[in-house]
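Quick look at run22.tsv (TSV, C-alpha atoms):
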```
chain	number	residue	atom	x	y	z
X	1	MET	CA	0.00	0.00	0.00
X	2	GLU	CA	1.21	3.47	-0.87
X	3	PHE	CA	2.07	5.44	2.26
X	4	ASP	CA	-0.20	8.46	2.12
X	5	VAL	CA	1.60	11.70	2.94
X	6	VAL	CA	0.09	15.15	2.65
X	7	ASP	CA	2.01	17.94	0.91
X	8	LEU	CA	2.22	21.07	3.05
X	9	PRO	CA	2.07	24.54	1.49
X	10	ASP	CA	5.40	26.33	0.98
X	11	ALA	CA	6.80	27.73	4.23
X	12	ASP	CA	8.28	31.23	4.34
X	13	HIS	CA	10.86	30.40	7.00
X	14	PRO	CA	14.33	31.77	7.89
X	15	GLU	CA	16.94	30.42	5.46
X	16	VAL	CA	20.66	29.78	5.83
X	17	GLY	CA	22.42	33.12	6.29
X	18	ASP	CA	19.33	34.89	7.67
X	19	THR	CA	19.16	36.06	11.27
X	20	ALA	CA	16.59	33.95	13.11
X	21	PRO	CA	13.90	36.09	14.79
X	22	ASP	CA	14.29	36.51	18.55
X	23	PHE	CA	11.45	35.61	20.90
X	24	THR	CA	10.74	35.07	24.59
X	25	ARG	CA	8.70	32.16	25.93
X	26	PRO	CA	8.72	29.99	29.08
X	27	LEU	CA	11.71	27.67	28.79
X	28	VAL	CA	11.32	24.37	30.62
X	29	ASN	CA	14.10	22.26	32.10
X	30	GLU	CA	13.85	19.28	34.42
X	31	GLU	CA	13.52	21.47	37.52
X	32	TYR	CA	11.66	24.67	36.66
X	33	TRP	CA	10.58	27.01	33.90
X	34	GLU	CA	11.15	30.71	33.39
X	35	ASP	CA	10.76	33.29	30.65
X	36	ARG	CA	13.86	33.19	28.46
X	37	SER	CA	14.75	34.78	25.16
X	38	LEU	CA	16.30	32.80	22.33
X	39	SER	CA	19.06	35.43	22.13
X	40	SER	CA	20.01	34.81	25.78
X	41	LEU	CA	20.64	31.16	24.84
X	42	THR	CA	22.59	31.82	21.63
X	43	ALA	CA	24.72	34.35	23.55
X	44	ASP	CA	26.19	31.34	25.37
X	45	GLY	CA	26.91	29.37	22.17
X	46	PRO	CA	25.26	27.77	19.13
X	47	VAL	CA	21.71	26.48	19.54
X	48	LEU	CA	19.82	23.79	17.67
X	49	LEU	CA	16.18	24.90	17.72
X	50	VAL	CA	13.89	21.90	17.20
X	51	ALA	CA	10.25	22.70	16.47
X	52	HIS	CA	7.96	19.71	16.70
X	53	PRO	CA	4.29	18.72	16.93
X	54	MET	CA	2.70	18.71	20.38
X	55	ASP	CA	4.18	16.49	23.08
X	56	GLY	CA	2.63	13.06	23.45
X	57	GLY	CA	2.19	12.19	19.78
X	58	PHE	CA	4.59	9.88	17.96
X	59	PRO	CA	6.29	12.65	15.90
X	60	ALA	CA	7.53	14.42	19.05
X	61	THR	CA	8.57	11.17	20.69
X	62	TYR	CA	10.47	9.97	17.59
X	63	VAL	CA	12.35	13.27	17.26
X	64	TRP	CA	13.55	13.26	20.87
X	65	ARG	CA	14.40	9.56	20.83
X	66	GLU	CA	16.61	10.16	17.77
X	67	ILE	CA	18.28	13.22	19.33
X	68	ASP	CA	18.97	11.24	22.51
X	69	ASP	CA	20.40	8.31	20.53
X	70	ARG	CA	22.70	10.66	18.63
X	71	GLU	CA	23.75	12.46	21.84
X	72	TRP	CA	23.51	15.88	20.21
X	73	THR	CA	23.20	17.61	23.56
X	74	ASP	CA	26.87	16.75	24.13
X	75	GLU	CA	27.76	18.87	21.09
X	76	VAL	CA	25.32	21.77	21.05
X	77	ASP	CA	22.58	23.40	23.12
X	78	VAL	CA	19.44	21.59	21.93
X	79	VAL	CA	16.19	23.47	22.53
X	80	GLY	CA	12.73	22.18	21.64
X	81	LEU	CA	9.66	24.20	20.71
X	82	SER	CA	6.03	23.09	20.68
X	83	ILE	CA	2.56	24.23	21.71
X	84	SER	CA	2.62	21.99	24.77
X	85	THR	CA	2.38	23.55	28.21
X	86	PRO	CA	5.29	23.63	30.67
X	87	TYR	CA	3.69	20.76	32.61
X	88	GLU	CA	3.56	18.60	29.46
X	89	HIS	CA	7.15	19.53	28.65
X	90	GLY	CA	8.09	18.43	32.16
X	91	SER	CA	6.55	15.02	31.49
X	92	LEU	CA	8.40	14.74	28.15
X	93	LEU	CA	11.69	15.54	29.87
X	94	ASP	CA	11.05	12.75	32.40
X	95	GLU	CA	11.34	10.28	29.50
X	96	HIS	CA	13.30	11.95	26.69
X	97	GLY	CA	15.41	14.96	25.80
X	98	ARG	CA	18.30	14.37	28.19
X	99	ASP	CA	20.00	17.73	28.90
X	100	ALA	CA	17.60	19.47	26.53
X	101	GLN	CA	15.27	22.38	27.31
X	102	LEU	CA	11.87	23.06	25.78
X	103	PHE	CA	10.14	26.32	24.87
X	104	SER	CA	6.40	26.40	25.49
X	105	ASP	CA	4.47	28.26	22.76
X	106	PRO	CA	0.79	27.35	23.27
X	107	GLY	CA	-0.48	30.22	21.10
X	108	ALA	CA	1.88	29.19	18.26
X	109	GLY	CA	3.08	32.79	17.99
X	110	VAL	CA	6.65	31.62	17.42
X	111	ALA	CA	5.38	29.25	14.72
X	112	GLU	CA	3.88	32.26	12.96
X	113	LEU	CA	7.06	34.31	13.49
X	114	TYR	CA	9.08	31.53	11.85
X	115	GLY	CA	6.55	30.83	9.10
X	116	ILE	CA	6.09	27.23	10.19
X	117	GLU	CA	2.47	27.15	11.34
X	118	HIS	CA	0.46	24.01	10.78
X	119	ASP	CA	-3.34	24.08	11.01
X	120	LEU	CA	-4.34	20.67	12.25
X	121	ASP	CA	-7.07	18.95	10.31
X	122	GLY	CA	-9.81	17.67	12.58
X	123	MET	CA	-8.59	19.58	15.66
X	124	THR	CA	-10.49	22.84	15.42
X	125	GLY	CA	-8.73	25.85	16.90
X	126	ILE	CA	-5.34	24.17	17.22
X	127	VAL	CA	-2.39	25.54	15.28
X	128	GLU	CA	0.99	24.03	16.00
X	129	HIS	CA	4.56	23.94	14.67
X	130	ARG	CA	5.64	22.04	11.62
X	131	PRO	CA	8.60	19.80	12.29
X	132	ALA	CA	11.62	22.04	11.69
X	133	MET	CA	15.24	22.39	12.76
X	134	PHE	CA	17.33	25.54	12.77
X	135	LEU	CA	20.99	25.49	13.73
X	136	LEU	CA	21.90	28.95	14.99
X	137	ALA	CA	25.25	30.62	15.60
X	138	GLU	CA	25.92	32.96	18.54
X	139	ASP	CA	24.46	35.92	16.62
X	140	ARG	CA	21.40	33.83	15.58
X	141	THR	CA	22.66	33.45	12.01
X	142	VAL	CA	21.01	30.37	10.52
X	143	GLU	CA	23.73	27.80	9.76
X	144	TYR	CA	21.35	25.03	8.75
X	145	ALA	CA	17.60	24.98	8.22
X	146	TRP	CA	15.10	22.27	7.54
X	147	VAL	CA	11.32	22.59	7.52
X	148	ALA	CA	8.89	19.77	6.82
X	149	SER	CA	7.27	19.94	3.41
X	150	GLU	CA	5.08	16.89	3.95
X	151	TRP	CA	3.00	15.58	6.81
X	152	PRO	CA	4.33	13.53	8.43
X	153	ASP	CA	7.97	14.29	7.67
X	154	PHE	CA	11.25	13.92	9.54
X	155	ALA	CA	14.54	15.78	9.30
X	156	ASP	CA	17.58	14.35	7.56
X	157	TYR	CA	19.34	13.63	10.84
X	158	ASP	CA	22.69	12.88	9.19
X	159	ALA	CA	22.62	16.27	7.47
X	160	VAL	CA	21.80	18.03	10.75
X	161	GLU	CA	24.58	16.13	12.46
X	162	ALA	CA	27.06	17.16	9.74
X	163	ALA	CA	26.04	20.80	10.26
X	164	ILE	CA	26.56	20.46	14.03
X	165	GLU	CA	30.00	18.93	13.46
X	166	ALA	CA	30.88	21.77	11.05
X	167	LEU	CA	30.25	24.45	13.72
V	168	MET	CA	23.51	36.66	28.51
V	169	SER	CA	20.69	39.15	28.67
V	170	GLU	CA	20.40	41.42	31.67
V	171	GLU	CA	19.02	39.31	34.50
V	172	PRO	CA	17.35	40.77	37.56
V	173	PRO	CA	19.27	40.00	40.76
V	174	ILE	CA	16.16	38.67	42.51
V	175	THR	CA	14.74	35.25	41.63
V	176	LEU	CA	11.41	34.05	42.98
V	177	TYR	CA	10.75	30.31	42.97
V	178	ARG	CA	7.01	29.93	42.81
V	179	LEU	CA	4.19	27.52	42.12
V	180	GLN	CA	1.37	28.46	39.78
V	181	ALA	CA	-1.66	29.80	41.70
V	182	CYS	CA	-0.03	29.38	45.12
V	183	PRO	CA	-1.53	32.13	47.33
V	184	PHE	CA	1.62	32.43	49.47
V	185	CYS	CA	3.66	32.99	46.31
V	186	GLU	CA	1.17	35.61	45.08
V	187	ARG	CA	1.53	37.40	48.40
V	188	VAL	CA	5.26	37.80	47.73
V	189	VAL	CA	4.60	38.85	44.13
V	190	ARG	CA	2.22	41.59	45.34
V	191	MET	CA	4.91	42.89	47.67
V	192	LEU	CA	7.59	42.86	44.94
V	193	ASP	CA	5.23	44.72	42.60
V	194	GLU	CA	4.30	47.20	45.30
V	195	TYR	CA	7.96	48.10	45.84
V	196	GLY	CA	8.62	48.12	42.08
V	197	ILE	CA	11.30	45.46	42.47
V	198	ASP	CA	12.42	43.76	39.26
V	199	TYR	CA	12.53	39.99	39.65
V	200	ARG	CA	12.67	36.78	37.65
V	201	SER	CA	10.04	34.06	38.16
V	202	ARG	CA	10.98	30.40	38.14
V	203	PHE	CA	8.00	28.07	38.30
V	204	VAL	CA	8.53	24.70	39.96
V	205	GLU	CA	6.75	21.36	39.93
V	206	PRO	CA	3.53	20.89	41.91
V	207	MET	CA	4.95	17.64	43.30
V	208	HIS	CA	6.77	18.49	46.51
V	209	SER	CA	9.27	15.64	45.98
V	210	ASP	CA	10.25	17.04	42.57
V	211	ARG	CA	11.42	20.40	43.85
V	212	ASN	CA	15.08	19.57	44.21
V	213	VAL	CA	16.19	22.92	42.86
V	214	VAL	CA	14.49	24.71	45.77
V	215	LYS	CA	15.82	22.21	48.28
V	216	ARG	CA	19.38	22.79	47.04
V	217	LEU	CA	19.01	26.55	47.40
V	218	SER	CA	17.04	26.98	50.61
V	219	GLY	CA	17.33	23.62	52.34
V	220	LYS	CA	13.55	23.15	52.09
V	221	ARG	CA	11.23	22.11	49.31
V	222	SER	CA	8.60	24.73	50.13
V	223	VAL	CA	7.72	27.68	47.91
V	224	PRO	CA	7.81	30.59	47.70
V	225	ALA	CA	11.57	30.82	47.96
V	226	LEU	CA	13.46	33.99	47.19
V	227	VAL	CA	17.08	34.40	46.16
V	228	ASP	CA	18.37	37.95	46.41
V	229	GLY	CA	21.63	38.42	44.55
V	230	ASN	CA	21.92	41.97	45.92
V	231	THR	CA	22.35	40.79	49.49
V	232	GLY	CA	23.23	37.10	49.06
V	233	VAL	CA	20.13	36.14	51.02
V	234	THR	CA	18.11	32.99	50.24
V	235	MET	CA	14.93	32.36	52.20
V	236	SER	CA	11.60	30.57	52.14
V	237	GLU	CA	8.15	31.05	53.75
V	238	SER	CA	6.11	34.01	52.61
V	239	GLY	CA	5.88	35.61	56.08
V	240	ASN	CA	9.67	35.74	56.37
V	241	ILE	CA	10.09	36.92	52.80
V	242	VAL	CA	7.55	39.73	53.15
V	243	GLU	CA	9.21	40.88	56.35
V	244	TYR	CA	12.63	40.74	54.67
V	245	LEU	CA	11.41	42.75	51.67
V	246	GLU	CA	9.86	45.39	53.94
V	247	LYS	CA	13.07	45.71	55.91
V	248	THR	CA	15.39	45.69	52.90
V	249	TYR	CA	13.43	47.57	50.25
V	250	GLY	CA	10.51	49.18	52.11
V	251	GLY	CA	12.41	52.39	52.79
V	252	GLU	CA	13.05	53.02	49.10
V	253	ALA	CA	9.38	52.89	48.10
```
Since I need it in another form, could you write the structure as structure tokens?
Amino acid sequence: MEFDVVDLPDADHPEVGDTAPDFTRPLVNEEYWEDRSLSSLTADGPVLLVAHPMDGGFPATYVWREIDDREWTDEVDVVGLSISTPYEHGSLLDEHGRDAQLFSDPGAGVAELYGIEHDLDGMTGIVEHRPAMFLLAEDRTVEYAWVASEWPDFADYDAVEAAIEAL
Amino acid sequence: MSEEPPITLYRLQACPFCERVVRMLDEYGIDYRSRFVEPMHSDRNVVKRLSGKRSVPALVDGNTGVTMSESGNIVEYLEKTYGGEA
């Protein structure tokens, strides 16, 4: 049987060489959450920003399982982004995302800012983030960008890893 | 890093004792950073490490090096330390 994927409309997202837009949202770690800006994180070093569908579904779980297996948090500051609340992010971090932190963006405002909104079919009123990865330098210059063009869709993890190693 | 306020308040969402401290901070116009912790008492290791107790609110004041918990103590401390400047 043909696997049925849906094409997503073109995304107008930050490209390699652009400066990624700054934003502030609650950032969740294993112990607490607080308002943090993206720029305050990049100021400390490169950041891999990982936007993903809401916590609890298989796309989010698969992404974090892969990141854990590849031990990216040893190489770069890995920061997730989804519409899930800080409490849900706390539950995700109990299982996955070792040494990662997660931005909570329930209103999907950051999704809009990055041009990666996804209106969910059959879930009225819910807009979330398309799967996307942006590797950012200290000044938020985009070093690598990938945004899903199909649903479901997963990043080319080897390509992301090569970009991390090239930092 | 961005400019961080010297005062950090560890709080629990909708905890009246925490809101009491927030009201006092706002009243004195004191800039502070909020860190929200887990509802589960046993999961609040960050607060335990700082103050020796798992209770919130807990306040860390980088201006004076003081760390304390219990809203009554904190309110009294804020009055004594910052009340005169209001």
Check which residues of chain X sit at most 6 Å from chain V using all atoms listed in the file, and return one row each with the closest pair of atoms and their distance in Å to one decimal, ordered by chain and rising number, as a tab-separated table.
```
residue	atom	partner	partner_atom	distance
X:Tyr32	CA	V:Val204	CA	4.5
X:Trp33	CA	V:Phe203	CA	5.2
X:Glu34	CA	V:Arg202	CA	4.8
X:Ser40	CA	V:Met168	CA	4.8
X:Ala43	CA	V:Met168	CA	5.6
```
Could you list, as a ChimeraX atom specification, every residue within 9 Å of stretch 58-62 of chain X, counting all atoms listed in the file and ignoring same-chain residues fewer than 4 positions away?
/X:52-54,66-67,82,92,96,131,152-154
Can you tell me how far atom CA of X:Glu128 sits from atom CA of X:Leu8, in Å to one decimal?
13.3 Å
From V:Ala181, V:Thr248, V:Tyr199, V:Val189, residue lying nearest V:Val227 [only C-alpha atoms]:
V:Tyr199
Give me the residues near stretch 139-141 of chain X as JSON, numbers by chain, where near means some atom within 7 Å (using all atoms listed in the file) and where sequence neighbours in that chain fewer than 4 positions away do not count.
{"X": [17, 18, 19, 20, 42]}
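The space between atom CA of X:Arg130 and atom CA of X:Arg25 spans 17.8 Å.
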Using only C-alpha atoms, find all polymer residues with an atom at most 12 Å away from the point (32.2, 24.9, 12.5); report them as a PyMOL selection string.
chain X and resi 45-46+75-76+135-138+143-144+161-167
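Atom CA of X:His129 is found 12.8 Å from atom CA of X:Trp146.
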May I have the residues at most 9 Å from (6.0, 40.3, 48.3) in the file's coordinates, counting all atoms listed in the file, as a VMD selection string?
chain V and resid 185 to 195 238 241 to 243 245 to 246
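Of the listed residues (X:Asn29, X:Leu120, X:Pro9, X:Leu41), X:Asn29 comes nearest to X:His89; the distances count only C-alpha atoms.
Those residues that approach X:Val6 to within 9 Å, counting all atoms listed in the file, are Ser149, Glu150, Trp151 and Pro152 of chain X; same-chain residues fewer than 4 positions away are not listed.
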Neighbour list for stretch 216-221 of chain V as a ChimeraX atom specification, cut-off 10 Å, all atoms listed in the file, skip fewer than 6 positions in-chain
/V:207-210,227,233-237
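Of the listed residues (X:Ala100, X:Ala148, X:Val79, X:Val63), X:Val79 comes nearest to X:Leu38; the distances count only C-alpha atoms.
Of the residues under consideration (X:Leu49, X:Val127, X:Val160, X:Val142), X:Leu49 shows the shortest atom-to-atom contact distance to X:Leu102 when counting only C-alpha atoms.
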